[in-house]
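Peer 1: I have a structure here, written as structure tokens, and I will follow up with some questions on it.
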Amino acid sequence: MTVDTYATRIQLTCAELSMDSHCVGESDGLTFCLARPEDYDDVMAISQDIYGGNDYLPHRYHSWITEPGRVVIIARRDRKLVALESGLLVDGGETVIVEGLRVCPNERGCGLAGVIQRFVDGYIKRVYPNAKTKRLTRGDDPGPEKLSKFTLLARRAILSLWGDSEGFDSFVSGLKEKLLVSDESNSSSPLVPVKDLDALKTLLLDSDLSSRLQLPGGAIIQDWQPLKLMESNLHILARRNLTWFVDGSGGKPLFMSFHTPPYPIPFNGGSLRFNIDLYGTDTSLAKKALTAHLNSVRSEIQGLVLVHIYMHQTLWEDLKQFCEGHETVKQFRDYWEQLFLEREP
Ligand SMILES: CC(C)(COP(=O)(O)OP(=O)(O)OC[C@H]1O[C@@H](n2cnc3c(N)ncnc32)[C@H](O)[C@@H]1OP(=O)(O)O)[C@@H](O)C(=O)NCCC(=O)NCCS
């Protein structure tokens, strides 16, 4: 053996050893490992066209693999990465939110999603024995047979818009004018920002907030992550750099909303995704909140932006009409829903 070959062999052995140290199990001809930074390209290779270009994982991957309370598990067959799923421990450790599920295109339809989900469920049981509930959200409705395996906690309506940065600016100005003309800016209470953790705590831990705002399944869903109104979840929310508004009618607000900072997605070769979550059923306040969120990111929007607004189903038609009539920012897709599901892991 030459010195070069020997050196290469040692490197390979080290690589194999380091891979093994991240591996957490094997089954069905697959090796399951905790995802590492160097798996990024392999994960992206199985993620082409996911969610029609709206995939968050290219942007979130590196923060996911270091996030406290989160596991990201990849499955390899003969070293080829074939699937990924992640679980985030929330609600003081009693719930795991599963996210990010994906299978490589040429292995779809053969039950692989079921295999990795079962593995992740088992792994979470071992590592976090207190997690008694599994929660997830999804944007497609798999029909009654598949849904019967879950408790359907809520359905939220989604309004999706798209436009470019120039159009976005005039769109927001247009919405502001509409509010003024309709006198809706005066007819309901003003919106106020919620800036610090103490104010957020007072707001979210109010025992009748859930019924007042008709929260989905008694939770808030932050950019597809359902969280119960519990103090331990405040730390998770604080990490997300959210912008909050609440109606300023006094101690018992009837409306609350937040947005996640716009983030890059693969759509159309590179776009921004902007998610706004609205809670409450008052149309006037919903229009004001939507306008306030869009206005507050005006200077951050570059290039093409896809805006997804999640809300109580009764608001969708009014908000759709409110956003109509602008050439520059248009509806991106028809009515669709976010399903909030629960089952035992
Ligand atoms: C959705 C996807 C992961 C399904 O993978 P698959 O291996 O082809 O899945 P199968 O049709 O063979 O179904 C296998 C199992 O996964 C489940 N499953 C399929 N799609 C699912 C989804 N979107 N969310 C949760 N479970 C899902 C099925 O119910 C089935 O469960 P069971 O074994 O308990 O009956 C795959 O098509 C994919 O990667 N799509 C692109 C990414 C995506 O849309 N992910 C959805 C995240 S919500």
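Identifiers in the structure tokens: chain A, B, ... in order shown; residue index from 1 per chain; ligand index from 1 in order shown.
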Could I get the residue neighbourhood of ligand 1 at 9 Å, counting only C-alpha atoms and all ligand atoms, as a PyMOL selection string?
Peer 2: chain A and resi 46-51+55+83-85+98-118+136-142+146-147+149
Peer 1: Write out as a PyMOL selection string the residues lying within 12 Å of Gly87 in chain A, counting only C-alpha atoms and excluding same-chain residues fewer than 2 positions away.
Peer 2: chain A and resi 34+64-65+67-74+84-85+89-90+93+95-101+116-117+119-125+127-128+131+133-136+225+345
Peer 1: So, counting only C-alpha atoms, which residue among A:Leu152, A:Leu304, A:Leu161, A:Met256 is closest to Cys323 in chain A?
Peer 2: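 Of A:Leu152, A:Leu304, A:Leu161, A:Met256, the one nearest Cys323 in chain A, counting only C-alpha atoms, is A:Leu161.
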Peer 1: In Å, how far is it from CA of Thr202 in chain A to CA of Asn233 in chain A?
Peer 2: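 Atom-to-atom, CA of Thr202 in chain A to CA of Asn233 in chain A, that is 13.4 Å.
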Peer 1: Tell me, in Å to one decimal, how far CA of Ala219 in chain A is from CA of Ser296 in chain A.
Peer 2: 25.0 Å
